[in-house]
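Student: I am sharing coords20.cif, which consists of mmCIF, C-alpha atoms:
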data_protein
#
loop_
_atom_site.label_atom_id
_atom_site.label_comp_id
_atom_site.auth_asym_id
_atom_site.auth_seq_id
_atom_site.Cartn_x
_atom_site.Cartn_y
_atom_site.Cartn_z
CA MET A 1 0.00 0.00 0.00
CA PHE A 2 2.71 2.50 0.97
CA ALA A 3 4.66 1.72 -2.19
CA GLU A 4 2.18 4.11 -3.82
CA LEU A 5 3.58 6.96 -1.74
CA ASP A 6 6.81 8.37 -3.16
CA LEU A 7 7.56 10.16 0.11
CA GLN A 8 10.59 10.38 2.35
CA PRO A 9 10.29 11.42 6.00
CA GLU A 10 11.21 15.07 6.47
CA THR A 11 13.41 15.37 9.54
CA GLU A 12 14.16 19.07 9.04
CA LEU A 13 11.53 21.77 8.82
CA GLY A 14 11.42 23.94 5.72
CA SER A 15 11.61 27.72 6.13
CA ASP A 16 7.83 28.13 5.83
CA GLU A 17 7.30 25.35 8.35
CA ALA A 18 9.77 26.99 10.75
CA TYR A 19 7.60 30.12 10.63
CA TRP A 20 4.67 28.20 12.10
CA ARG A 21 6.87 26.54 14.72
CA ASP A 22 8.22 29.93 15.81
CA HIS A 23 4.70 31.34 16.10
CA GLU A 24 3.17 28.26 17.79
CA PRO A 25 3.30 29.69 21.36
CA TRP A 26 1.54 32.88 20.23
CA LEU A 27 -1.02 30.96 18.18
CA ARG A 28 -1.71 28.74 21.19
CA GLU A 29 -2.49 31.91 23.15
CA GLN A 30 -4.93 32.85 20.38
CA GLY A 31 -6.72 29.53 20.86
CA PHE A 32 -5.23 27.41 18.06
CA GLU A 33 -3.46 24.07 18.32
CA LEU A 34 -0.86 23.06 15.74
CA ARG A 35 0.14 19.55 14.77
CA ALA A 36 3.12 18.02 16.60
CA ARG A 37 5.52 18.75 13.73
CA PHE A 38 5.03 22.49 14.18
CA ARG A 39 5.54 22.72 17.95
CA PRO A 40 8.81 23.97 19.51
CA GLY A 41 11.07 21.15 20.60
CA TRP A 42 9.58 18.69 18.10
CA VAL A 43 11.53 15.45 17.86
CA PRO A 44 10.56 13.28 14.87
CA SER A 45 8.58 10.29 16.14
CA TRP A 46 10.74 7.87 14.12
CA VAL A 47 13.90 9.32 15.70
CA ALA A 48 12.49 8.93 19.20
CA ASP A 49 11.34 5.39 18.33
CA PRO A 50 13.53 3.68 15.68
CA LYS A 51 10.82 1.03 15.18
CA LYS A 52 8.70 3.64 13.46
CA LYS A 53 9.05 4.53 9.79
CA GLY A 54 8.87 8.25 9.12
CA TYR A 55 6.77 8.12 5.98
CA ARG A 56 4.15 6.15 7.91
CA GLU A 57 3.90 8.73 10.69
CA GLU A 58 1.73 11.81 10.94
CA ASP A 59 4.69 14.10 11.60
CA GLY A 60 6.84 12.69 8.80
CA ILE A 61 5.06 14.58 6.01
CA SER A 62 6.13 18.16 5.32
CA ASN A 63 3.71 21.02 4.69
CA THR A 64 3.93 22.48 1.19
CA SER A 65 0.86 24.71 1.44
CA PRO A 66 1.24 28.51 1.81
CA GLY A 67 -0.86 28.24 4.98
CA LEU A 68 -1.46 25.67 7.67
CA ASP A 69 -4.32 23.62 9.04
CA VAL A 70 -4.96 24.22 12.75
CA THR A 71 -7.45 23.11 15.38
CA ARG A 72 -9.53 25.69 17.22
CA VAL A 73 -9.26 24.60 20.83
CA SER A 74 -12.65 25.97 21.91
CA ASP A 75 -14.65 23.59 19.73
CA GLY A 76 -12.15 21.25 18.04
CA LYS A 77 -12.97 22.65 14.59
CA ILE A 78 -10.32 22.35 11.87
CA LEU A 79 -9.51 25.73 10.30
CA TYR A 80 -6.88 27.13 7.97
CA LEU A 81 -4.44 29.98 8.56
CA LYS A 82 -3.16 31.91 5.55
CA ARG A 83 -0.29 34.39 5.56
CA VAL A 84 -0.88 37.54 3.51
CA ASP A 85 1.30 40.60 3.11
CA GLY A 86 1.56 43.84 1.18
CA GLN A 87 -1.55 45.07 -0.59
CA GLU A 88 -3.15 41.62 -0.34
CA ALA A 89 -3.27 41.99 3.45
CA VAL A 90 -5.65 44.91 2.84
CA THR A 91 -7.50 43.83 -0.31
CA GLU A 92 -8.30 40.22 0.54
CA PRO A 93 -10.00 40.70 3.92
CA GLU A 94 -11.77 43.79 2.64
CA ILE A 95 -13.26 41.95 -0.35
CA MET A 96 -14.15 38.88 1.72
CA ARG A 97 -15.92 40.96 4.36
CA PHE A 98 -17.91 42.77 1.68
CA LEU A 99 -18.98 39.53 0.02
CA HIS A 100 -20.37 38.27 3.35
CA SER A 101 -21.87 41.51 4.57
CA GLY A 102 -25.56 42.06 5.24
CA THR A 103 -27.80 39.64 3.37
CA PHE A 104 -24.94 38.40 1.18
CA LYS A 105 -23.80 35.83 3.74
CA ASP A 106 -27.13 33.98 3.57
CA ASP A 107 -27.52 34.17 -0.21
CA SER A 108 -27.53 30.64 -1.66
CA LYS A 109 -25.82 31.99 -4.79
CA ASN A 110 -22.83 33.16 -2.78
CA HIS A 111 -19.97 30.72 -3.40
CA CYS A 112 -17.19 32.81 -1.85
CA SER A 113 -15.25 31.49 1.11
CA PRO A 114 -16.09 33.36 4.31
CA LEU A 115 -13.50 35.09 6.46
CA ILE A 116 -13.65 33.86 10.06
CA ASP A 117 -11.12 36.23 11.61
CA VAL A 118 -8.00 38.29 10.98
CA LEU A 119 -4.97 37.92 13.27
CA THR A 120 -2.13 40.41 13.53
CA THR A 121 1.13 38.97 14.81
CA THR A 122 3.45 40.63 17.31
CA ASP A 123 6.33 40.61 14.81
CA ASP A 124 8.14 43.79 13.84
CA PRO A 125 6.74 44.61 11.38
CA PRO A 126 3.51 42.75 12.24
CA GLU A 127 2.13 40.16 9.81
CA THR A 128 -1.46 39.36 8.89
CA LEU A 129 -2.97 35.88 9.17
CA LEU A 130 -6.41 35.13 7.77
CA VAL A 131 -8.48 32.55 9.63
CA LEU A 132 -10.45 30.59 7.01
CA PRO A 133 -12.56 27.45 6.76
CA TYR A 134 -10.60 24.27 6.14
CA LEU A 135 -11.46 23.30 2.56
CA LEU A 136 -10.30 20.63 0.13
CA PRO A 137 -9.52 20.87 -3.62
CA TYR A 138 -12.67 20.98 -5.75
CA ASP A 139 -12.05 17.45 -7.12
CA THR A 140 -11.36 15.75 -3.77
CA PRO A 141 -12.65 13.09 -3.70
CA PRO A 142 -13.00 12.51 -7.47
CA PHE A 143 -16.30 13.14 -9.25
CA ALA A 144 -18.24 9.89 -9.57
CA SER A 145 -20.79 10.91 -12.21
CA VAL A 146 -21.53 13.43 -14.92
CA GLY A 147 -24.32 14.83 -12.73
CA GLU A 148 -21.87 15.58 -9.92
CA TRP A 149 -19.66 17.46 -12.37
CA VAL A 150 -22.61 19.38 -13.83
CA GLU A 151 -23.60 20.46 -10.33
CA PHE A 152 -20.02 21.66 -9.81
CA LEU A 153 -20.29 23.78 -12.97
CA ARG A 154 -23.67 25.15 -11.90
CA GLN A 155 -22.24 26.33 -8.61
CA VAL A 156 -19.07 27.92 -9.99
CA PHE A 157 -21.00 29.75 -12.73
CA GLU A 158 -23.52 30.90 -10.14
CA GLY A 159 -20.74 31.98 -7.81
CA LEU A 160 -18.99 34.09 -10.45
CA GLN A 161 -22.34 35.58 -11.45
CA PHE A 162 -22.94 36.55 -7.80
CA MET A 163 -19.60 38.36 -7.68
CA HIS A 164 -20.14 40.21 -10.96
CA HIS A 165 -23.67 41.24 -9.96
CA HIS A 166 -22.11 42.92 -6.92
CA ARG A 167 -19.34 44.54 -9.00
CA VAL A 168 -16.54 42.27 -7.83
CA ALA A 169 -14.11 40.63 -10.25
CA HIS A 170 -12.14 37.69 -8.88
CA CYS A 171 -9.26 38.12 -11.37
CA ASP A 172 -7.69 34.72 -10.63
CA CYS A 173 -10.27 32.01 -11.42
CA LYS A 174 -8.06 28.95 -11.76
CA PHE A 175 -8.09 25.36 -10.60
CA ASP A 176 -6.47 25.89 -7.20
CA ASN A 177 -8.73 28.80 -6.29
CA ILE A 178 -11.91 26.72 -6.28
CA MET A 179 -12.36 24.50 -3.25
CA THR A 180 -15.08 22.44 -1.60
CA ASP A 181 -16.38 21.60 1.85
CA SER A 182 -16.11 17.87 1.10
CA LEU A 183 -14.55 16.81 4.41
CA PRO A 184 -17.87 15.20 5.55
CA LEU A 185 -17.58 12.77 2.61
CA PHE A 186 -14.60 11.07 4.29
CA ASN A 187 -14.73 8.53 7.07
CA THR A 188 -11.83 10.38 8.69
CA ARG A 189 -9.80 13.47 7.94
CA PRO A 190 -7.14 12.96 5.22
CA HIS A 191 -3.56 13.99 5.97
CA PRO A 192 -3.09 17.40 4.24
CA GLY A 193 0.52 16.64 3.31
CA THR A 194 -0.07 13.60 1.09
CA PRO A 195 -0.16 14.37 -2.65
CA THR A 196 -3.62 12.95 -3.33
CA LEU A 197 -5.14 13.43 0.14
CA ASP A 198 -6.00 9.75 0.39
CA PHE A 199 -4.23 8.71 3.61
CA THR A 200 -5.48 9.08 7.17
CA MET A 201 -3.91 11.57 9.56
CA ASP A 202 -1.90 8.83 11.28
CA MET A 203 -0.70 7.57 7.87
CA LYS A 204 -1.69 4.02 8.80
CA SER A 205 -4.35 3.43 6.14
CA LYS A 206 -6.18 4.93 3.20
CA VAL A 207 -9.25 7.05 3.82
CA LYS A 208 -12.67 5.91 2.65
CA PHE A 209 -15.22 8.26 1.18
CA THR A 210 -18.74 8.40 -0.15
CA THR A 211 -20.00 10.24 -3.24
CA ARG A 212 -21.32 13.73 -3.74
CA THR A 213 -24.58 12.14 -4.90
CA ARG A 214 -25.04 10.73 -1.41
CA HIS A 215 -23.71 13.80 0.37
CA PRO A 216 -23.98 16.98 -1.77
CA VAL A 217 -21.21 19.55 -1.25
CA LYS A 218 -20.77 23.26 -1.80
CA TYR A 219 -17.99 24.74 -3.92
CA LEU A 220 -16.30 27.98 -2.91
CA PHE A 221 -13.98 30.51 -4.53
CA ILE A 222 -10.91 31.39 -2.47
CA ASP A 223 -7.91 33.74 -2.76
CA PHE A 224 -9.24 37.27 -3.25
CA GLY A 225 -5.82 38.92 -3.07
CA LEU A 226 -6.02 40.07 -6.70
CA SER A 227 -9.76 40.74 -6.71
CA ARG A 228 -11.21 44.16 -7.52
CA ARG A 229 -14.40 45.81 -6.33
CA PHE A 230 -15.72 48.48 -8.67
CA SER A 231 -17.90 51.48 -7.90
CA GLU A 232 -21.28 51.98 -9.55
CA GLY A 233 -20.63 53.16 -13.10
CA GLU A 234 -16.87 52.55 -12.92
CA GLU A 235 -15.34 50.86 -15.94
CA PRO A 236 -14.16 47.40 -14.79
CA LEU A 237 -10.56 47.61 -15.95
CA VAL A 238 -7.51 45.87 -14.47
CA PRO A 239 -3.85 45.97 -15.56
CA SER A 240 -2.70 43.57 -18.27
CA GLY A 241 -1.20 40.44 -16.76
CA THR A 242 -3.47 40.34 -13.70
CA GLY A 243 -3.90 36.82 -12.28
CA GLY A 244 -2.25 33.48 -12.83
CA THR A 245 -3.74 32.68 -16.26
CA ARG A 246 -2.28 34.02 -19.50
CA ALA A 247 -5.27 35.53 -21.29
CA PRO A 248 -5.10 36.56 -24.99
CA GLU A 249 -5.78 40.24 -24.19
CA PHE A 250 -2.54 40.44 -22.21
CA GLN A 251 -0.65 40.66 -25.51
CA SER A 252 -1.85 44.24 -26.01
CA LYS A 253 -0.37 45.39 -22.68
CA GLN A 254 -3.46 47.58 -22.28
CA PRO A 255 -5.86 47.52 -19.30
CA CYS A 256 -8.45 44.79 -19.81
CA ASN A 257 -12.05 44.16 -18.84
CA ALA A 258 -11.97 42.28 -15.53
CA TYR A 259 -15.31 40.56 -16.06
CA ALA A 260 -14.33 39.24 -19.50
CA LEU A 261 -11.03 38.12 -17.97
CA ASP A 262 -12.90 36.15 -15.29
CA VAL A 263 -15.02 34.44 -17.94
CA TYR A 264 -11.90 33.49 -19.90
CA CYS A 265 -10.04 32.19 -16.85
CA LEU A 266 -12.97 30.07 -15.71
CA GLY A 267 -13.55 28.77 -19.23
CA ASN A 268 -9.86 27.99 -19.67
CA PHE A 269 -9.84 26.06 -16.40
CA ILE A 270 -12.80 23.91 -17.55
CA ARG A 271 -11.24 23.52 -21.01
CA THR A 272 -7.84 22.29 -19.84
CA GLU A 273 -9.02 20.20 -16.89
CA PHE A 274 -12.08 18.58 -18.46
CA THR A 275 -13.49 19.24 -21.93
CA HIS A 276 -10.37 19.53 -24.08
CA GLY A 277 -7.42 18.53 -21.92
CA ASP A 278 -3.90 19.79 -22.56
CA GLU A 279 -0.50 18.49 -23.61
CA ASP A 280 -0.20 16.47 -20.40
CA GLU A 281 -3.73 15.16 -19.90
CA PRO A 282 -6.44 14.07 -22.37
CA PRO A 283 -10.01 15.34 -22.05
CA VAL A 284 -12.38 13.74 -19.58
CA ARG A 285 -14.89 11.57 -21.41
CA GLY A 286 -18.51 12.46 -20.88
CA THR A 287 -17.93 16.23 -20.86
CA GLU A 288 -18.16 16.83 -24.62
CA PHE A 289 -21.56 18.55 -24.39
CA MET A 290 -19.90 21.54 -22.68
CA ARG A 291 -17.35 22.18 -25.41
CA PRO A 292 -19.28 24.83 -27.43
CA LEU A 293 -19.96 26.98 -24.37
CA VAL A 294 -16.43 26.60 -23.05
CA GLU A 295 -14.93 27.51 -26.43
CA SER A 296 -17.01 30.70 -26.53
CA MET A 297 -15.82 31.59 -23.02
CA CYS A 298 -12.25 31.26 -24.29
CA ALA A 299 -12.68 33.46 -27.39
CA GLU A 300 -9.49 35.31 -28.30
CA ASP A 301 -11.38 38.60 -28.56
CA PRO A 302 -12.74 39.46 -25.10
CA THR A 303 -15.65 41.38 -26.66
CA LYS A 304 -16.80 38.13 -28.32
CA ARG A 305 -17.02 36.24 -25.01
CA PRO A 306 -20.40 35.81 -23.34
CA THR A 307 -21.03 37.68 -20.11
CA ILE A 308 -21.45 35.52 -17.05
CA ASP A 309 -25.22 36.05 -17.28
CA GLU A 310 -25.13 34.66 -20.82
CA VAL A 311 -22.93 31.78 -19.65
CA VAL A 312 -25.46 30.88 -16.95
CA SER A 313 -28.37 31.12 -19.40
CA ARG A 314 -26.69 28.90 -22.00
CA PHE A 315 -25.53 26.46 -19.35
CA ASN A 316 -29.06 26.09 -17.99
CA LYS A 317 -30.28 25.16 -21.48
CA VAL A 318 -27.52 22.59 -21.87
CA ARG A 319 -28.20 21.20 -18.42
CA GLY A 320 -31.91 20.93 -19.17
CA SER A 321 -31.19 18.87 -22.29
CA LEU A 322 -29.30 16.14 -20.39
CA SER A 323 -31.14 12.93 -19.62
CA SER A 324 -31.15 11.30 -16.21
CA ALA A 325 -29.14 8.43 -17.70
CA LYS A 326 -26.48 10.85 -18.91
CA LEU A 327 -26.27 12.60 -15.55
CA ARG A 328 -25.90 9.30 -13.71
CA SER A 329 -23.27 7.97 -16.11
CA ARG A 330 -19.70 7.61 -14.92
CA LEU A 331 -17.25 10.45 -15.47
CA VAL A 332 -14.20 8.78 -17.01
CA CYS A 333 -10.73 10.20 -17.54
CA GLY A 334 -9.66 9.61 -21.14
CA LYS A 335 -6.23 8.41 -20.07
CA GLY A 336 -5.91 4.62 -19.99
CA GLY A 337 -8.93 3.75 -22.14
CA TYR A 338 -11.99 2.11 -20.64
CA PRO A 339 -12.50 2.13 -16.87
CA ASN A 340 -11.37 -0.92 -14.97
CA TYR A 341 -14.21 -3.35 -14.42
CA PRO A 342 -14.35 -3.31 -10.59
CA SER A 343 -14.82 0.48 -10.60
CA PHE A 344 -17.22 0.28 -13.52
CA PHE A 345 -19.26 -2.41 -11.77
CA SER A 346 -19.27 -0.67 -8.39
CA HIS A 347 -20.40 2.61 -9.98
CA TYR A 348 -23.45 1.06 -11.56
CA THR A 349 -24.26 -1.01 -8.50
CA ARG A 350 -24.17 2.16 -6.42
CA THR A 351 -26.19 4.05 -9.03
CA ILE A 352 -28.98 1.47 -8.93
CA GLY A 353 -29.20 2.03 -5.18
CA ASP A 354 -29.29 5.82 -5.68
CA ILE A 355 -32.13 5.49 -8.18
CA PHE A 356 -34.06 3.13 -5.90
CA ILE A 357 -34.11 5.58 -3.01
CA ARG A 358 -34.58 8.55 -5.37
CA ARG A 359 -31.35 10.45 -4.85
CA ARG A 360 -31.01 13.30 -7.29
CA SER A 361 -28.87 12.74 -10.37
CA MET A 362 -27.51 16.28 -9.96
CA PRO A 363 -26.87 16.56 -6.20
CA THR A 364 -27.63 20.07 -4.97
CA PRO A 365 -26.72 20.90 -1.35
CA PRO A 366 -29.47 22.19 0.94
#
As structure tokens, how would this structure be written, given the file I've shared?

Tutor:
Amino acid sequence: MFAELDLQPETELGSDEAYWRDHEPWLREQGFELRARFRPGWVPSWVADPKKKGYREEDGISNTSPGLDVTRVSDGKILYLKRVDGQEAVTEPEIMRFLHSGTFKDDSKNHCSPLIDVLTTTDDPPETLLVLPYLLPYDTPPFASVGEWVEFLRQVFEGLQFMHHHRVAHCDCKFDNIMTDSLPLFNTRPHPGTPTLDFTMDMKSKVKFTTRTRHPVKYLFIDFGLSRRFSEGEEPLVPSGTGGTRAPEFQSKQPCNAYALDVYCLGNFIRTEFTHGDEDEPPVRGTEFMRPLVESMCAEDPTKRPTIDEVVSRFNKVRGSLSSAKLRSRLVCGKGGYPNYPSFFSHYTRTIGDIFIRRRSMPTPP
């Protein structure tokens, strides 16, 4: 089983990890508990006990994330701390607070991660830490059916539409800025340091999980450090090169329309990850029906792209044309040909059970 993990135990902390160790006493005073690896005086468990193997221990896996998972002592809830600096330390919390102000926080169309708190360290100069929900990558665990993927698209389109309706452009809509609250799908919390998030915290076994069809999840946009909020009547322009996706309009070096940029970035994410693939990965089979809409979202000329309202309208028509059988069919990665028979068989066995007790083919969270 552990042959699948190409990991070596990390005896030394990286520089980012040392930051959390050095701030552990202060964070403990703020009511947060860090994992053993990030506490002062940490001795690797496999050094203290030679019978242990580092890569099979909770503290043997390094943290490569820009933030860190922590436990809130008052209620045992797992949260996430994110370091921000410069202009992002001002912009990100400001945008996040706005998007959850007033009635926004209870709006079902709001798919923006909430901000739980902002901490200011005692460093000189002080640093800013955002306290956020602990979320997992949007595709963890993997999508089991076309209907689960379609529901994912519905939510991310709806979420971007919500932002644009309130004059906010995300400006960095890419794969690692869309997350999900899928932790309840797992029988136990996965270790955040493993590449595919499929091992338990103690690294002793693989996690087990159910499907989104049986436990619908919500998808959330994160990382608002590059986001812009525009005033009523203000032209929604941002500098060329904004965000982590190379859009065609960047070639002109002129300010570009932030809303059209968002549509491109989201469309490009769906295009490369699912409908068309890229040089490294083939397209995901079963997603072909979305290609025309995605291609229009990725038009070279930003004025030819649909607005997010038009994207939502066209998507709803496409969604309405899909049969229940299509929505319940298995989402299959094109790499490696046909699915292996045990997975194929288990999918359809599970689907029969879902149909029998009338679970929705497109699982929408309450």

Student: With all atoms listed in the file as the basis for distance, which of A:Gln161, A:Thr196, A:Gln155, A:Ser346 is at the shortest distance from Met179 in chain A?

Tutor: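 Nearest to Met179 in chain A: A:Gln155.
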
Student: Give as a PyMOL selection string the residues that the PyMOL selection byres ((chain A and resi 85-87) around 10) matches when applied to the coordinates above.

Tutor: chain A and resi 83-84+88-92+126-129+225-226

Student: Residues of the last selection are to be written out with C-alpha atoms, as a PDB file, in the frame of the given file.

Tutor:
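Saved the output as part12.pdb:
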ATOM      1  CA  ARG A  83      -0.290  34.390   5.560  1.00  0.00           C
ATOM      2  CA  VAL A  84      -0.880  37.540   3.510  1.00  0.00           C
ATOM      3  CA  GLU A  88      -3.150  41.620  -0.340  1.00  0.00           C
ATOM      4  CA  ALA A  89      -3.270  41.990   3.450  1.00  0.00           C
ATOM      5  CA  VAL A  90      -5.650  44.910   2.840  1.00  0.00           C
ATOM      6  CA  THR A  91      -7.500  43.830  -0.310  1.00  0.00           C
ATOM      7  CA  GLU A  92      -8.300  40.220   0.540  1.00  0.00           C
ATOM      8  CA  PRO A 126       3.510  42.750  12.240  1.00  0.00           C
ATOM      9  CA  GLU A 127       2.130  40.160   9.810  1.00  0.00           C
ATOM     10  CA  THR A 128      -1.460  39.360   8.890  1.00  0.00           C
ATOM     11  CA  LEU A 129      -2.970  35.880   9.170  1.00  0.00           C
ATOM     12  CA  GLY A 225      -5.820  38.920  -3.070  1.00  0.00           C
ATOM     13  CA  LEU A 226      -6.020  40.070  -6.700  1.00  0.00           C
TER      14      LEU A 226
END

Student: Quick one, how far is CA of Leu327 in chain A from CA of Met362 in chain A?

Tutor: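 The value is 6.8 Å.
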
Student: Run the PyMOL selection byres ((chain A and resi 325) around 12) mentally over the shown coordinates, then write out the matched residues as a PDB file with C-alpha atoms, in the frame of the given file, using the chain letters and numbers from the document.

Tutor:
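Result file follows (selection_37.pdb):
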ATOM      1  CA  SER A 145     -20.790  10.910 -12.210  1.00  0.00           C
ATOM      2  CA  VAL A 146     -21.530  13.430 -14.920  1.00  0.00           C
ATOM      3  CA  GLY A 147     -24.320  14.830 -12.730  1.00  0.00           C
ATOM      4  CA  GLY A 286     -18.510  12.460 -20.880  1.00  0.00           C
ATOM      5  CA  SER A 321     -31.190  18.870 -22.290  1.00  0.00           C
ATOM      6  CA  LEU A 322     -29.300  16.140 -20.390  1.00  0.00           C
ATOM      7  CA  SER A 323     -31.140  12.930 -19.620  1.00  0.00           C
ATOM      8  CA  SER A 324     -31.150  11.300 -16.210  1.00  0.00           C
ATOM      9  CA  LYS A 326     -26.480  10.850 -18.910  1.00  0.00           C
ATOM     10  CA  LEU A 327     -26.270  12.600 -15.550  1.00  0.00           C
ATOM     11  CA  ARG A 328     -25.900   9.300 -13.710  1.00  0.00           C
ATOM     12  CA  SER A 329     -23.270   7.970 -16.110  1.00  0.00           C
ATOM     13  CA  ARG A 330     -19.700   7.610 -14.920  1.00  0.00           C
ATOM     14  CA  TYR A 348     -23.450   1.060 -11.560  1.00  0.00           C
ATOM     15  CA  THR A 351     -26.190   4.050  -9.030  1.00  0.00           C
ATOM     16  CA  ILE A 352     -28.980   1.470  -8.930  1.00  0.00           C
ATOM     17  CA  ILE A 355     -32.130   5.490  -8.180  1.00  0.00           C
ATOM     18  CA  ARG A 360     -31.010  13.300  -7.290  1.00  0.00           C
ATOM     19  CA  SER A 361     -28.870  12.740 -10.370  1.00  0.00           C
ATOM     20  CA  MET A 362     -27.510  16.280  -9.960  1.00  0.00           C
TER      21      MET A 362
END

Student: Between A:Arg212, A:Lys82, A:Arg39, A:Arg305, which has the minimum distance to Trp149 in chain A (counting all atoms listed in the file)?

Tutor: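 Ranked by minimum distance to Trp149 in chain A, first place goes to A:Arg212.
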
Student: When the PyMOL selection byres ((chain A and resi 121) around 12) is applied to the file above, which residues end up in the set, as a list in words?

Tutor: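 Written out, the selection comes to Tyr19, Trp20, Asp22, His23, Glu24, Pro25, Trp26, Leu27, Glu29, Gln30, Arg83, Val84, Asp85, Val118, Leu119, Thr120, Thr122, Asp123, Asp124, Pro125, Pro126, Glu127, Thr128, Leu129 and Leu130 of chain A.
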
Student: Got a sec: who's within 12 Å of Phe104 in chain A, counting only C-alpha atoms, leaving out chain neighbours fewer than 2 positions off, as a VMD selection string?

Tutor: chain A and resid 96 to 102 106 to 114 159 162 to 163 165 to 166

Student: Could you name the residues that touch range 170-178 of chain A at 7 Å or less, counting all atoms listed in the file, but leaving out those on the same chain fewer than 2 positions away, as JSON, numbers by chain?

Tutor: {"A": [137, 138, 168, 219, 220, 221, 222, 223, 224, 226, 227, 228, 242, 243, 244, 258, 261, 262, 265, 266, 269]}

Student: Can you work out the spacing between CA of Leu237 in chain A and CA of Tyr264 in chain A in Å, to one decimal?

Tutor: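 Result for CA of Leu237 in chain A versus CA of Tyr264 in chain A: 14.7 Å, one decimal.
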
Student: Take CA of Pro216 in chain A and CA of His347 in chain A and report the distance between them in Å, one decimal.

Tutor: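 CA of Pro216 in chain A sits 16.9 Å away from CA of His347 in chain A.
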
Student: Out of A:Ser65, A:Pro365, A:Pro142, A:Leu293, which residue has the shortest atom-to-atom distance to Asn316 in chain A when counting only C-alpha atoms?

Tutor: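 Looking at the shortest contact to Asn316 in chain A, the residue is A:Leu293.
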
Student: Could you list, with a cut-off of 12 Å and counting all atoms listed in the file, the residues of range 192-291 of chain A near range 44-53 of chain A, each shown with its nearest atom pair and the distance in Å rounded to one decimal, rows sorted by chain and ascending number, as JSON lines?

Tutor:
{"residue": "A:Asp202", "atom": "CA", "partner": "A:Ser45", "partner_atom": "CA", "distance": 11.6}
{"residue": "A:Met203", "atom": "CA", "partner": "A:Lys53", "partner_atom": "CA", "distance": 10.4}
{"residue": "A:Lys204", "atom": "CA", "partner": "A:Lys53", "partner_atom": "CA", "distance": 10.8}

Student: Between A:Pro255, A:Thr180, A:Val70, A:Thr272, which is the closest to Phe152 in chain A once you count all atoms listed in the file?

Tutor: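 That would be A:Thr180, the residue with the smallest distance to Phe152 in chain A.
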
Student: Compile the contact shell of Glu12 in chain A as a list of chain:residue names: residues with an atom at most 12 Å away, counting all atoms listed in the file, same-chain residues fewer than 6 positions apart removed.

Tutor: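 Within the cut-off, the hits are A:Ala18, A:Arg21, A:Arg37, A:Phe38, A:Trp42, A:Val43, A:Pro44, A:Val47, A:Asp59, A:Gly60, A:Ile61, A:Ser62, A:Asn63.
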
Student: Quick one: range 120-133 of chain A from the block, C-alpha atoms, as a compact mmCIF listing (two decimals), in the first residue's frame.

Tutor:
# COMPACT_ATOMS: atom_id res chain seq x y z
CA THR A 120 -2.13 40.41 13.53
CA THR A 121 1.13 38.97 14.81
CA THR A 122 3.45 40.63 17.31
CA ASP A 123 6.33 40.61 14.81
CA ASP A 124 8.14 43.79 13.84
CA PRO A 125 6.74 44.61 11.38
CA PRO A 126 3.51 42.75 12.24
CA GLU A 127 2.13 40.16 9.81
CA THR A 128 -1.46 39.36 8.89
CA LEU A 129 -2.97 35.88 9.17
CA LEU A 130 -6.41 35.13 7.77
CA VAL A 131 -8.48 32.55 9.63
CA LEU A 132 -10.45 30.59 7.01
CA PRO A 133 -12.56 27.45 6.76
